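To be precise, the following lines are protein-v6.cif, and they hold mmCIF, C-alpha atoms.
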data_protein
#
loop_
_atom_site.label_atom_id
_atom_site.label_comp_id
_atom_site.auth_asym_id
_atom_site.auth_seq_id
_atom_site.Cartn_x
_atom_site.Cartn_y
_atom_site.Cartn_z
CA MET R 1 47.32 -5.84 1.89
CA HIS R 2 46.10 -5.42 -1.69
CA ASN R 3 42.79 -7.02 -2.57
CA CYS R 4 42.03 -7.03 -6.31
CA ARG R 5 38.30 -7.48 -5.85
CA GLU R 6 37.93 -4.57 -3.45
CA THR R 7 40.08 -2.37 -5.62
CA LYS R 8 38.08 -3.17 -8.76
CA ASP R 9 34.87 -2.29 -6.95
CA ARG R 10 36.32 1.11 -6.16
CA LEU R 11 37.88 1.74 -9.55
CA ALA R 12 34.88 3.58 -10.95
CA GLU R 13 34.82 5.92 -7.95
CA MET R 14 38.52 6.51 -8.28
CA VAL R 15 38.17 7.41 -11.93
CA LEU R 16 35.03 9.55 -11.55
CA ASP R 17 36.31 11.40 -8.51
CA GLY R 18 39.85 11.71 -9.86
CA ILE R 19 41.38 10.17 -6.77
CA ASP R 20 45.11 9.62 -6.94
CA CYS R 21 45.60 6.01 -6.01
CA GLY R 22 48.96 5.30 -7.55
CA ALA R 23 50.36 3.73 -4.39
CA GLU R 24 47.47 1.30 -4.08
CA LEU R 25 47.61 0.27 -7.73
CA GLU R 26 51.35 -0.10 -7.95
CA ALA R 27 51.14 -3.42 -6.18
CA CYS R 28 48.94 -5.01 -8.84
CA ALA R 29 49.59 -4.70 -12.56
CA GLU R 30 46.11 -5.96 -13.47
CA CYS R 31 44.30 -3.37 -11.34
CA SER R 32 46.62 -0.70 -12.60
CA SER R 33 45.90 -1.49 -16.24
CA GLU R 34 42.15 -1.67 -15.53
CA PHE R 35 42.30 1.74 -13.89
CA ALA R 36 44.19 3.17 -16.84
CA ALA R 37 41.66 1.73 -19.30
CA LEU R 38 38.67 3.14 -17.39
CA ASN R 39 40.38 6.47 -17.04
CA ALA R 40 41.11 6.61 -20.76
CA THR R 41 37.53 5.64 -21.62
CA LEU R 42 35.96 8.34 -19.51
CA ARG R 43 38.48 10.95 -20.60
CA MET R 44 37.77 10.09 -24.21
CA THR R 45 34.03 10.28 -23.60
CA ARG R 46 34.33 13.73 -22.13
CA ARG R 47 36.59 14.99 -24.88
CA VAL R 48 34.35 13.57 -27.59
CA SER R 49 31.33 15.25 -26.07
CA GLU R 50 33.10 18.59 -26.04
CA THR R 51 34.35 18.34 -29.58
CA ALA R 52 31.17 16.81 -31.00
CA ALA R 53 29.06 19.68 -29.68
CA PRO R 54 27.18 21.62 -32.35
CA ALA R 55 29.07 24.34 -34.20
CA GLU R 56 28.70 28.00 -33.33
CA ASN R 57 26.38 28.73 -36.24
CA TYR R 58 23.98 26.12 -34.91
CA TRP R 59 23.42 28.08 -31.72
CA SER R 60 22.18 31.22 -33.40
CA GLY R 61 19.48 29.19 -35.11
CA TYR R 62 18.79 27.28 -31.90
CA HIS R 63 18.20 30.47 -29.91
CA ALA R 64 16.08 31.96 -32.67
CA ARG R 65 13.87 28.89 -32.67
CA LEU R 66 13.72 28.91 -28.87
CA ARG R 67 12.73 32.57 -28.83
CA GLN R 68 10.01 31.86 -31.35
CA LYS R 69 8.69 28.98 -29.25
CA LEU R 70 8.73 31.08 -26.11
CA ALA R 71 6.93 33.92 -27.87
CA THR R 72 4.36 31.50 -29.25
CA ALA R 73 3.84 29.94 -25.84
CA THR R 74 3.46 33.37 -24.25
CA SER R 75 0.99 34.56 -26.86
CA THR R 76 -0.91 31.28 -26.64
CA SER R 77 -1.26 31.56 -22.88
CA HIS R 78 -2.21 35.24 -23.21
CA ALA R 79 -4.80 34.42 -25.85
CA GLU R 80 -6.14 31.62 -23.71
CA SER R 81 -6.56 33.89 -20.71
CA GLN R 82 -8.28 36.46 -22.93
CA ARG R 83 -10.58 33.80 -24.33
CA ARG R 84 -11.47 32.69 -20.83
CA GLU R 85 -12.19 36.27 -19.88
CA GLU R 86 -14.36 36.66 -22.93
CA GLU R 87 -16.25 33.50 -22.09
CA LEU R 88 -16.96 34.73 -18.60
CA GLY R 89 -17.40 38.34 -19.78
CA PRO R 90 -21.20 38.39 -20.45
CA LEU R 91 -21.90 36.88 -17.03
CA PHE R 92 -19.81 39.52 -15.29
CA ALA R 93 -21.40 42.26 -17.43
CA THR R 94 -24.91 41.20 -16.37
CA LEU R 95 -23.87 41.14 -12.74
CA ARG R 96 -22.33 44.60 -13.06
CA LEU R 97 -25.51 45.91 -14.71
CA CYS R 98 -27.62 44.51 -11.90
CA VAL R 99 -25.48 46.23 -9.31
CA ARG R 100 -25.21 49.57 -11.06
CA SER R 101 -28.74 49.96 -12.46
CA SER R 102 -31.40 51.92 -10.51
CA ILE R 103 -35.18 51.55 -10.80
CA ARG R 104 -37.69 53.99 -9.32
CA VAL R 105 -39.91 52.17 -6.78
CA PRO R 106 -42.62 53.79 -4.53
CA VAL R 107 -41.69 53.85 -0.84
CA PRO R 108 -44.67 51.78 0.47
CA LEU R 109 -44.05 49.15 -2.15
CA ALA R 110 -40.35 49.09 -1.30
CA ILE R 111 -41.15 48.71 2.41
CA ALA R 112 -43.60 45.93 1.62
CA LEU R 113 -41.01 44.20 -0.49
CA VAL R 114 -38.41 44.47 2.27
CA ILE R 115 -40.84 43.08 4.87
CA LEU R 116 -41.85 40.31 2.54
CA SER R 117 -38.27 39.39 1.85
CA LEU R 118 -37.46 39.44 5.57
CA ALA R 119 -40.45 37.22 6.31
CA LEU R 120 -39.42 34.84 3.57
CA GLY R 121 -35.93 34.79 4.95
CA VAL R 122 -37.08 33.97 8.47
CA PHE R 123 -39.40 31.33 7.13
CA ALA R 124 -36.60 29.80 5.12
CA ILE R 125 -34.26 29.76 8.13
CA ARG R 126 -36.90 28.10 10.33
CA ARG R 127 -37.63 25.62 7.63
CA ARG R 128 -33.98 24.78 7.44
CA GLU R 129 -33.74 24.36 11.21
CA GLN R 130 -36.51 21.80 11.20
CA PRO R 131 -35.46 18.32 10.45
CA VAL R 132 -36.11 17.68 6.84
CA ALA R 133 -37.18 14.10 7.12
CA GLN R 134 -37.86 12.34 10.37
CA PRO R 135 -37.00 8.72 10.56
CA PRO R 136 -40.11 6.48 10.41
CA MET R 137 -41.42 5.42 13.86
CA LEU R 138 -42.36 1.85 14.58
CA VAL R 139 -45.62 1.43 16.52
CA HIS R 140 -46.65 -2.02 17.77
CA VAL R 141 -50.47 -2.44 17.84
CA PRO R 142 -51.94 -5.79 19.00
CA VAL R 143 -54.57 -7.09 16.57
CA GLU R 144 -57.00 -9.87 17.49
CA VAL R 145 -57.35 -12.47 14.83
CA PRO R 146 -60.13 -15.16 15.10
CA VAL R 147 -58.63 -18.62 15.11
CA VAL R 148 -60.76 -21.79 14.55
CA GLN R 149 -60.18 -24.08 17.55
CA GLU R 150 -60.56 -27.82 17.12
CA LYS R 151 -62.19 -29.95 19.89
CA LEU R 152 -60.55 -33.24 20.74
CA VAL R 153 -62.84 -36.00 21.92
CA THR R 154 -61.27 -39.05 23.52
CA ARG R 155 -63.02 -42.33 24.47
CA VAL R 156 -61.62 -45.04 26.65
CA VAL R 157 -62.13 -48.54 25.23
CA TYR R 158 -61.55 -51.58 27.43
CA ARG R 159 -60.68 -54.87 25.83
CA ASP R 160 -60.00 -58.32 27.17
CA ARG R 161 -56.34 -59.04 27.24
CA ARG R 162 -56.87 -62.86 27.25
CA SER R 163 -58.76 -62.79 24.02
CA SER R 164 -55.90 -61.31 22.30
CA SER R 165 -55.46 -62.86 18.98
CA ARG R 166 -51.82 -62.11 19.08
CA THR R 167 -51.03 -65.14 21.29
CA SER R 168 -48.07 -66.92 19.91
CA ARG R 169 -48.06 -70.49 18.90
CA ARG R 170 -45.48 -71.36 21.47
CA ALA R 171 -47.52 -69.86 24.21
CA VAL R 172 -50.47 -72.00 23.09
CA ASN R 173 -48.35 -75.12 23.20
CA ASP R 174 -47.02 -74.24 26.64
CA ALA R 175 -50.51 -73.72 27.90
CA ARG R 176 -51.59 -77.10 26.50
CA ALA R 177 -48.67 -78.88 28.14
CA GLU R 178 -49.41 -77.21 31.41
CA SER R 179 -53.06 -78.23 31.30
CA THR R 180 -52.10 -81.87 30.51
CA PHE R 181 -49.72 -81.99 33.42
CA ALA R 182 -52.28 -80.40 35.66
CA ARG R 183 -54.94 -82.88 34.56
CA SER R 184 -52.62 -85.82 35.26
CA ARG R 185 -51.74 -84.51 38.69
CA LYS R 186 -55.11 -83.24 39.73
CA PRO R 187 -56.98 -86.54 40.16
CA ALA R 188 -54.11 -87.88 42.29
CA THR R 189 -54.52 -85.19 44.82
CA GLU R 190 -58.30 -85.13 44.58
CA GLU R 191 -58.72 -88.90 44.73
CA ILE R 192 -56.79 -89.19 47.97
CA PRO R 193 -59.41 -89.45 50.59
CA ALA R 194 -58.98 -87.67 53.79
CA THR R 195 -59.62 -90.90 55.63
CA LEU R 196 -59.38 -94.57 54.76
CA THR R 197 -63.03 -95.23 55.32
CA GLY R 198 -64.66 -96.99 52.44
CA PHE R 199 -61.23 -97.74 50.95
CA LYS R 200 -61.37 -100.59 48.53
CA PRO R 201 -58.23 -101.82 46.80
CA THR R 202 -58.37 -102.15 43.06
CA GLU R 203 -58.14 -105.39 41.36
CA GLU R 204 -55.88 -104.18 38.59
CA VAL R 205 -52.72 -102.25 39.14
CA LYS R 206 -51.86 -99.93 36.41
CA LEU R 207 -48.20 -98.99 36.29
CA THR R 208 -46.95 -96.01 34.42
CA VAL R 209 -43.26 -96.04 33.57
CA ILE R 210 -41.71 -92.69 32.91
CA LYS R 211 -38.61 -92.89 30.79
CA GLY R 212 -35.62 -90.69 31.53
CA GLY R 213 -36.20 -90.67 35.19
CA VAL R 214 -33.71 -91.20 37.95
CA PRO R 215 -31.49 -94.27 37.22
CA ASN R 216 -31.75 -95.73 40.74
CA GLU R 217 -35.47 -95.51 40.78
CA LYS R 218 -37.42 -98.69 39.85
CA MET D 219 29.13 44.69 -18.47
CA ALA D 220 27.07 41.52 -18.45
CA GLU D 221 24.06 41.39 -16.21
CA SER D 222 24.11 38.94 -13.34
CA ASP D 223 21.88 35.91 -13.27
CA ALA D 224 19.85 37.39 -10.44
CA ASP D 225 19.06 40.54 -12.40
CA LEU D 226 18.09 38.55 -15.46
CA ILE D 227 15.89 36.27 -13.40
CA LYS D 228 14.10 39.22 -11.84
CA ARG D 229 13.50 40.68 -15.26
CA ALA D 230 12.33 37.29 -16.54
CA GLN D 231 9.94 37.05 -13.62
CA ALA D 232 8.51 40.35 -14.81
CA LYS D 233 7.75 38.64 -18.15
CA ASP D 234 10.77 40.02 -19.93
CA LEU D 235 11.40 37.56 -22.75
CA ASP D 236 14.76 39.10 -23.73
CA ALA D 237 16.12 38.59 -20.24
CA PHE D 238 15.03 34.98 -20.24
CA CYS D 239 16.63 34.41 -23.65
CA LEU D 240 19.89 35.79 -22.28
CA LEU D 241 19.69 33.28 -19.45
CA ALA D 242 19.03 30.56 -22.00
CA GLU D 243 22.10 31.56 -23.98
CA ARG D 244 24.23 31.13 -20.87
CA TYR D 245 23.11 27.61 -20.03
CA ALA D 246 21.73 26.18 -23.25
CA ARG D 247 24.91 24.28 -24.16
CA ARG D 248 25.02 22.34 -20.92
CA ILE D 249 21.40 21.37 -21.20
CA HIS D 250 21.80 20.47 -24.83
CA LEU D 251 24.84 18.30 -24.06
CA LEU D 252 22.83 16.28 -21.56
CA ALA D 253 19.92 16.03 -23.96
CA SER D 254 22.10 14.90 -26.87
CA HIS D 255 23.56 12.07 -24.78
CA TYR D 256 20.17 11.15 -23.46
CA CYS D 257 18.21 11.17 -26.74
CA GLN D 258 20.70 9.64 -29.19
CA ASN D 259 19.42 12.01 -31.84
CA THR D 260 20.19 15.66 -32.63
CA GLN D 261 16.64 16.66 -33.46
CA ASP D 262 15.21 14.98 -30.38
CA ALA D 263 17.92 16.59 -28.27
CA GLU D 264 16.94 20.02 -29.54
CA ASP D 265 13.26 19.41 -28.96
CA LEU D 266 13.86 18.06 -25.47
CA SER D 267 16.25 20.83 -24.44
CA GLN D 268 13.89 23.50 -25.75
CA GLU D 269 11.05 21.91 -23.83
CA VAL D 270 13.17 22.30 -20.71
CA TRP D 271 13.46 26.02 -21.46
CA LEU D 272 9.74 26.34 -22.07
CA LYS D 273 9.00 24.74 -18.74
CA ALA D 274 11.57 26.92 -17.05
CA TYR D 275 9.99 30.03 -18.56
CA GLN D 276 6.57 29.03 -17.33
CA ALA D 277 7.93 28.28 -13.86
CA VAL D 278 10.42 31.11 -13.47
CA GLN D 279 7.93 32.95 -11.26
CA THR D 280 8.40 30.21 -8.67
CA PHE D 281 12.17 30.61 -8.46
CA ARG D 282 12.94 31.85 -4.94
CA PHE D 283 16.74 32.29 -5.12
CA ASP D 284 17.25 29.44 -2.64
CA SER D 285 19.77 27.79 -4.96
CA SER D 286 21.67 28.73 -8.07
CA PHE D 287 19.70 29.15 -11.25
CA TYR D 288 21.47 26.23 -12.88
CA THR D 289 20.66 23.88 -9.97
CA TRP D 290 17.01 24.84 -10.31
CA LEU D 291 17.17 24.44 -14.07
CA ARG D 292 18.86 21.05 -13.77
CA ARG D 293 16.01 19.79 -11.65
CA ILE D 294 13.55 20.83 -14.35
CA THR D 295 15.79 19.09 -16.88
CA ILE D 296 15.83 15.84 -14.95
CA ASN D 297 12.06 15.88 -14.50
CA THR D 298 11.53 16.62 -18.18
CA PHE D 299 13.87 13.79 -19.17
CA LEU D 300 12.17 11.35 -16.83
CA ASN D 301 8.73 12.35 -18.09
CA HIS D 302 9.82 11.79 -21.65
CA ARG D 303 11.20 8.41 -20.67
CA ARG D 304 7.62 7.40 -19.89
CA SER D 305 6.13 8.89 -23.03
CA ASN D 306 6.76 7.85 -26.61
CA PHE D 307 8.92 10.84 -27.30
CA PHE D 308 11.94 9.32 -28.96
CA ARG D 309 10.43 8.56 -32.32
CA ARG D 310 13.68 8.56 -34.23
CA ARG D 311 15.52 6.20 -31.97
CA GLY D 312 18.24 4.27 -33.73
CA GLN D 313 18.77 6.86 -36.40
CA THR D 314 22.48 7.36 -36.98
CA THR D 315 24.31 10.63 -36.82
CA ALA D 316 24.38 12.31 -40.19
CA VAL D 317 27.86 13.25 -41.33
CA GLN D 318 27.51 15.49 -44.31
CA LEU D 319 30.38 15.14 -46.78
CA LEU D 320 30.34 17.64 -49.61
CA GLU D 321 32.68 17.97 -52.52
CA LEU D 322 35.25 20.72 -52.13
CA ASP D 323 34.22 22.43 -55.34
CA SER D 324 30.57 22.71 -54.35
CA ASP D 325 29.09 26.09 -53.49
CA ASP D 326 28.72 25.40 -49.80
CA SER D 327 32.15 23.91 -49.35
CA GLY D 328 33.93 27.14 -48.44
CA GLU D 329 31.76 27.84 -45.45
CA LEU D 330 31.87 24.29 -44.24
CA VAL D 331 35.60 23.93 -44.57
CA GLU D 332 36.04 27.01 -42.44
CA SER D 333 33.84 25.50 -39.83
CA ARG D 334 35.00 22.37 -38.16
CA SER D 335 32.16 20.19 -39.34
CA VAL D 336 34.05 18.40 -42.14
CA SER D 337 37.55 18.24 -40.74
CA PRO D 338 38.86 14.66 -40.40
CA GLU D 339 39.15 15.08 -36.68
CA ASN D 340 35.59 16.25 -36.47
CA ILE D 341 34.34 13.34 -38.55
CA TYR D 342 36.21 11.02 -36.27
CA ASN D 343 34.76 12.76 -33.24
CA LYS D 344 31.26 12.48 -34.61
CA LEU D 345 31.65 8.76 -35.21
CA LEU D 346 33.20 8.29 -31.81
CA PHE D 347 30.40 10.29 -30.27
CA GLU D 348 27.98 8.00 -32.02
CA SER D 349 29.73 5.02 -30.43
CA VAL D 350 29.36 6.63 -27.02
CA VAL D 351 25.70 7.35 -27.62
CA ASN D 352 25.11 3.81 -28.86
CA ALA D 353 26.82 2.40 -25.79
CA LEU D 354 24.59 4.55 -23.60
CA ALA D 355 21.56 3.49 -25.64
CA GLU D 356 22.01 -0.04 -24.35
CA LEU D 357 21.23 1.19 -20.84
CA THR D 358 17.87 2.00 -19.38
CA PRO D 359 16.96 5.71 -19.44
CA SER D 360 17.43 5.92 -15.66
CA GLN D 361 20.88 4.37 -15.80
CA ARG D 362 21.83 6.63 -18.67
CA LEU D 363 20.64 9.72 -16.86
CA ALA D 364 22.45 8.67 -13.68
CA PHE D 365 25.70 8.32 -15.60
CA LEU D 366 25.28 11.68 -17.34
CA LEU D 367 24.61 13.47 -14.10
CA ARG D 368 27.55 11.80 -12.39
CA HIS D 369 30.05 12.11 -15.21
CA TYR D 370 29.14 15.38 -16.90
CA GLU D 371 27.50 17.28 -14.08
CA GLY D 372 29.69 16.02 -11.24
CA MET D 373 26.71 15.41 -8.98
CA SER D 374 27.16 13.10 -6.00
CA TYR D 375 25.31 9.80 -5.77
CA GLY D 376 23.13 11.19 -3.02
CA GLU D 377 22.16 14.23 -5.07
CA ILE D 378 21.34 12.09 -8.09
CA ALA D 379 19.31 9.66 -6.00
CA ASN D 380 17.39 12.57 -4.50
CA ALA D 381 16.75 14.16 -7.88
CA MET D 382 15.69 10.92 -9.53
CA ASN D 383 13.74 9.69 -6.53
CA CYS D 384 15.56 6.37 -6.26
CA SER D 385 18.14 4.73 -3.99
CA THR D 386 21.85 5.47 -3.97
CA GLY D 387 22.54 1.81 -4.77
CA THR D 388 20.44 2.03 -7.93
CA VAL D 389 22.37 5.10 -9.03
CA LYS D 390 25.73 3.45 -8.37
CA LYS D 391 24.69 0.36 -10.27
CA GLY D 392 23.56 2.45 -13.23
CA VAL D 393 26.78 4.44 -13.33
CA TRP D 394 28.90 1.33 -13.10
CA ARG D 395 26.97 -0.40 -15.88
CA ALA D 396 27.38 2.67 -18.09
CA ILE D 397 31.12 2.72 -17.52
CA ALA D 398 31.37 -1.00 -18.27
CA LYS D 399 29.43 -0.55 -21.51
CA LEU D 400 31.57 2.37 -22.58
CA ARG D 401 34.71 0.46 -21.73
CA ALA D 402 33.58 -2.49 -23.81
CA ARG D 403 32.66 -0.26 -26.74
CA LEU D 404 35.56 2.15 -26.73
CA SER D 405 38.47 0.03 -25.62
CA PRO D 406 41.15 -0.52 -28.30
CA GLU D 407 40.38 -4.25 -28.29
CA ALA D 408 36.75 -3.59 -29.22
CA GLU D 409 35.78 -3.42 -32.85
CA ALA D 410 35.72 0.27 -33.69
CA PRO D 411 33.34 1.55 -36.34
CA ASP D 412 34.79 2.05 -39.78
CA GLY D 413 38.28 1.05 -38.75
CA LEU D 414 38.80 3.79 -36.25
CA THR D 415 40.89 1.69 -33.94
CA ASP D 416 44.08 3.41 -34.97
CA LEU D 417 42.62 6.84 -34.44
CA ALA D 418 41.23 5.82 -31.07
CA SER D 419 44.65 4.76 -29.92
CA GLU D 420 45.79 8.37 -30.33
CA TYR D 421 43.67 9.25 -27.34
#
What would the structure in this file look like if it were written as C-alpha cells?
Amino acid sequence: MHNCRETKDRLAEMVLDGIDCGAELEACAECSSEFAALNATLRMTRRVSETAAPAENYWSGYHARLRQKLATATSTSHAESQRREEELGPLFATLRLCVRSSIRVPVPLAIALVILSLALGVFAIRRREQPVAQPPMLVHVPVEVPVVQEKLVTRVVYRDRRSSSRTSRRAVNDARAESTFARSRKPATEEIPATLTGFKPTEEVKLTVIKGGVPNEK
Amino acid sequence: MAESDADLIKRAQAKDLDAFCLLAERYARRIHLLASHYCQNTQDAEDLSQEVWLKAYQAVQTFRFDSSFYTWLRRITINTFLNHRRSNFFRRRGQTTAVQLLELDSDDSGELVESRSVSPENIYNKLLFESVVNALAELTPSQRLAFLLRHYEGMSYGEIANAMNCSTGTVKKGVWRAIAKLRARLSPEAEAPDGLTDLASEY
C-alpha cells in the first residue's frame, strides 16, 4: 500500500543513493514528480560543480603558491628549531665545558673534598629524613588563680504577725462584728448562776426584738 | 610510470617536499571543490584548501597506512573546516562570484576565448554555481558540510556523524534541509538569476 508521507521521507535517500524505486513511485504521480525534481536538482548541482571548477591554468598557479607556502612553513619551523637551539646553546656549552675541563688538584685536598662532600651528603639525607616541622603539642598546666570570696551573713528577725499593718479593712470589720456578738452573748452565759440562791427577779423586763427571725417565733 | 601513493607518502615522511607536492596535485581538486562549496568565495576556498595541505604536511609523519591517504586527508579537511567555522575566517562572505567579461578585440581575449572561462555555457554554469553556493549559504556550516560530504564524497550518515562528532539524526536533518533549499532555489518555478530559467530547463 503506497503511503505518500513515508515515501516523501525516503525520497532524499532514494535520490542520494541512486535507488531505483520506479515501481513504488508509479502508484503516485505526486511522489513521482517530487522524486524527479529532487533528482534533477542534485544532478544539476553535481554537474555545475564539475563544470564550474577552476580552469587548468589556475591549478599551476595554485600548486606554485602551495609549494611556496609549504617551503615557507618548513623553513620557518627549521629556523624556529635553530633559534631554540641557539637560545639553549650557551647553557649546554657551559655544561659541556664543566664536564670536559680538568683542573690539577693535590691528592690530600681531593680526598678531603671527597670526604667533606660525603659528610655533607649524609648530613643532608639525615636532615631530610627528620620531620621538617613537628605539629605543635598542647600541654595542659593547671594554674591557681586567687579569687576574692564574699562572706554572706544572715540574721533571723522575728516579727509579730498580729501587728501586721497589712490587715484589710474587711477583716477589721469582721473582727468588730465578732467582738460585738461575743459581748452580747457573754453576759448571758456568765450571768446565769449555777444555782438559784440569791435569785431576785427584776422589776423591769427588757425585751429585745430581732427582726428577720423565724416567722413562727413570737 | 607514476609513483604510488604509498611511495610518495614515505618520501614525504622523509621530508621530501616534491613528493608531498605530487600527492597534493593528485587530490587538490577534490579538496578545493569541497572548500569552494563550503566557503562561498574563491579566495577563501583557496586559502582554506591550502591550509588543509599545510596541516597534512605537518602531520604526514603520523600517517600509519591504516586507511587510504584520501580518507586520512579528508579527516584533516573536516577538522580544518569545522575549526574555521568557529573562527572569523570567512571575511569576504557574501561577495559574489566575479565573471570577467572582456571585449573580443582586447589583448587578453585570445587566451580567454580558448579557455572555457568566457563561453556562454561557462558563464551560465558560474551563475548557477553561485545559486547553489547561495542556497548552501543559508544553512549552518555543519549542515552544509554534512551535505557536501554526503553528496560529493558519498560518505554514509554514520561516517559523517563520526567525523563531525554529532548524531546521525543531526546529519540527516542537515542533508535534508540542504536538499530542500537547493530544490527551492534551483527548481524551474523558482526565480532564476538574470533570467536563466530557460537555460536551467535544458538540464
Pull out every residue that the PyMOL selection byres ((chain R) within 8 of (chain D)) matches in the shown coordinates and put them as JSON, numbers by chain. {"R": [12, 16, 37, 38, 40, 41, 42, 44, 45, 46, 48, 49, 51, 52, 53, 55, 62, 63, 66, 67, 69, 70, 71, 73]}
For those residues, write C-alpha atoms to a file as a PDB file, in the coordinates of the input.
ATOM      1  CA  ALA R  12      34.880   3.580 -10.950  1.00  0.00           C
ATOM      2  CA  LEU R  16      35.030   9.550 -11.550  1.00  0.00           C
ATOM      3  CA  ALA R  37      41.660   1.730 -19.300  1.00  0.00           C
ATOM      4  CA  LEU R  38      38.670   3.140 -17.390  1.00  0.00           C
ATOM      5  CA  ALA R  40      41.110   6.610 -20.760  1.00  0.00           C
ATOM      6  CA  THR R  41      37.530   5.640 -21.620  1.00  0.00           C
ATOM      7  CA  LEU R  42      35.960   8.340 -19.510  1.00  0.00           C
ATOM      8  CA  MET R  44      37.770  10.090 -24.210  1.00  0.00           C
ATOM      9  CA  THR R  45      34.030  10.280 -23.600  1.00  0.00           C
ATOM     10  CA  ARG R  46      34.330  13.730 -22.130  1.00  0.00           C
ATOM     11  CA  VAL R  48      34.350  13.570 -27.590  1.00  0.00           C
ATOM     12  CA  SER R  49      31.330  15.250 -26.070  1.00  0.00           C
ATOM     13  CA  THR R  51      34.350  18.340 -29.580  1.00  0.00           C
ATOM     14  CA  ALA R  52      31.170  16.810 -31.000  1.00  0.00           C
ATOM     15  CA  ALA R  53      29.060  19.680 -29.680  1.00  0.00           C
ATOM     16  CA  ALA R  55      29.070  24.340 -34.200  1.00  0.00           C
ATOM     17  CA  TYR R  62      18.790  27.280 -31.900  1.00  0.00           C
ATOM     18  CA  HIS R  63      18.200  30.470 -29.910  1.00  0.00           C
ATOM     19  CA  LEU R  66      13.720  28.910 -28.870  1.00  0.00           C
ATOM     20  CA  ARG R  67      12.730  32.570 -28.830  1.00  0.00           C
ATOM     21  CA  LYS R  69       8.690  28.980 -29.250  1.00  0.00           C
ATOM     22  CA  LEU R  70       8.730  31.080 -26.110  1.00  0.00           C
ATOM     23  CA  ALA R  71       6.930  33.920 -27.870  1.00  0.00           C
ATOM     24  CA  ALA R  73       3.840  29.940 -25.840  1.00  0.00           C
TER      25      ALA R  73
END
With all atoms listed in the file as the counted atoms, please give the residues lying no more than 12 Å from Asp9 of chain R, apart from itself and same-chain residues fewer than 5 positions off, as a PyMOL selection string. (chain R and resi 3-4+14-15+31+34-35) or (chain D and resi 390-391+394+398)
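Across the structure, atom CA of Val122 of chain R and atom CA of Val105 of chain R are spaced 23.9 Å apart.
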Give as a list in words each residue that has an atom at most 12 Å from (19.5, -0.8, -24.8) in the file, counting all atoms listed in the file. Gln258, Arg311, Gly312, Val351, Asn352, Ala353, Leu354, Ala355, Glu356, Leu357, Thr358, Pro359, Ser360, Gln361, Arg362, Arg395, Ala396 and Lys399 of chain D
What would the file look like if the residues just selected were written as a PDB file, keeping the file's coordinate frame with C-alpha atoms?
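What landed in result_1.pdb:
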ATOM      1  CA  GLN D 258      20.700   9.640 -29.190  1.00  0.00           C
ATOM      2  CA  ARG D 311      15.520   6.200 -31.970  1.00  0.00           C
ATOM      3  CA  GLY D 312      18.240   4.270 -33.730  1.00  0.00           C
ATOM      4  CA  VAL D 351      25.700   7.350 -27.620  1.00  0.00           C
ATOM      5  CA  ASN D 352      25.110   3.810 -28.860  1.00  0.00           C
ATOM      6  CA  ALA D 353      26.820   2.400 -25.790  1.00  0.00           C
ATOM      7  CA  LEU D 354      24.590   4.550 -23.600  1.00  0.00           C
ATOM      8  CA  ALA D 355      21.560   3.490 -25.640  1.00  0.00           C
ATOM      9  CA  GLU D 356      22.010  -0.040 -24.350  1.00  0.00           C
ATOM     10  CA  LEU D 357      21.230   1.190 -20.840  1.00  0.00           C
ATOM     11  CA  THR D 358      17.870   2.000 -19.380  1.00  0.00           C
ATOM     12  CA  PRO D 359      16.960   5.710 -19.440  1.00  0.00           C
ATOM     13  CA  SER D 360      17.430   5.920 -15.660  1.00  0.00           C
ATOM     14  CA  GLN D 361      20.880   4.370 -15.800  1.00  0.00           C
ATOM     15  CA  ARG D 362      21.830   6.630 -18.670  1.00  0.00           C
ATOM     16  CA  ARG D 395      26.970  -0.400 -15.880  1.00  0.00           C
ATOM     17  CA  ALA D 396      27.380   2.670 -18.090  1.00  0.00           C
ATOM     18  CA  LYS D 399      29.430  -0.550 -21.510  1.00  0.00           C
TER      19      LYS D 399
END
Apply the PyMOL selection byres ((chain D and resi 382) around 9) to the displayed file and report the matching residues as a PyMOL selection string. chain D and resi 296-297+300+360+363-364+377-381+383-385+389
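Separating atom CA of Asp225 of chain D from atom CA of Ala277 of chain D is a distance of 16.6 Å.
The space separating atom CA of Arg282 of chain D from atom CA of Asp223 of chain D comes to 12.9 Å.
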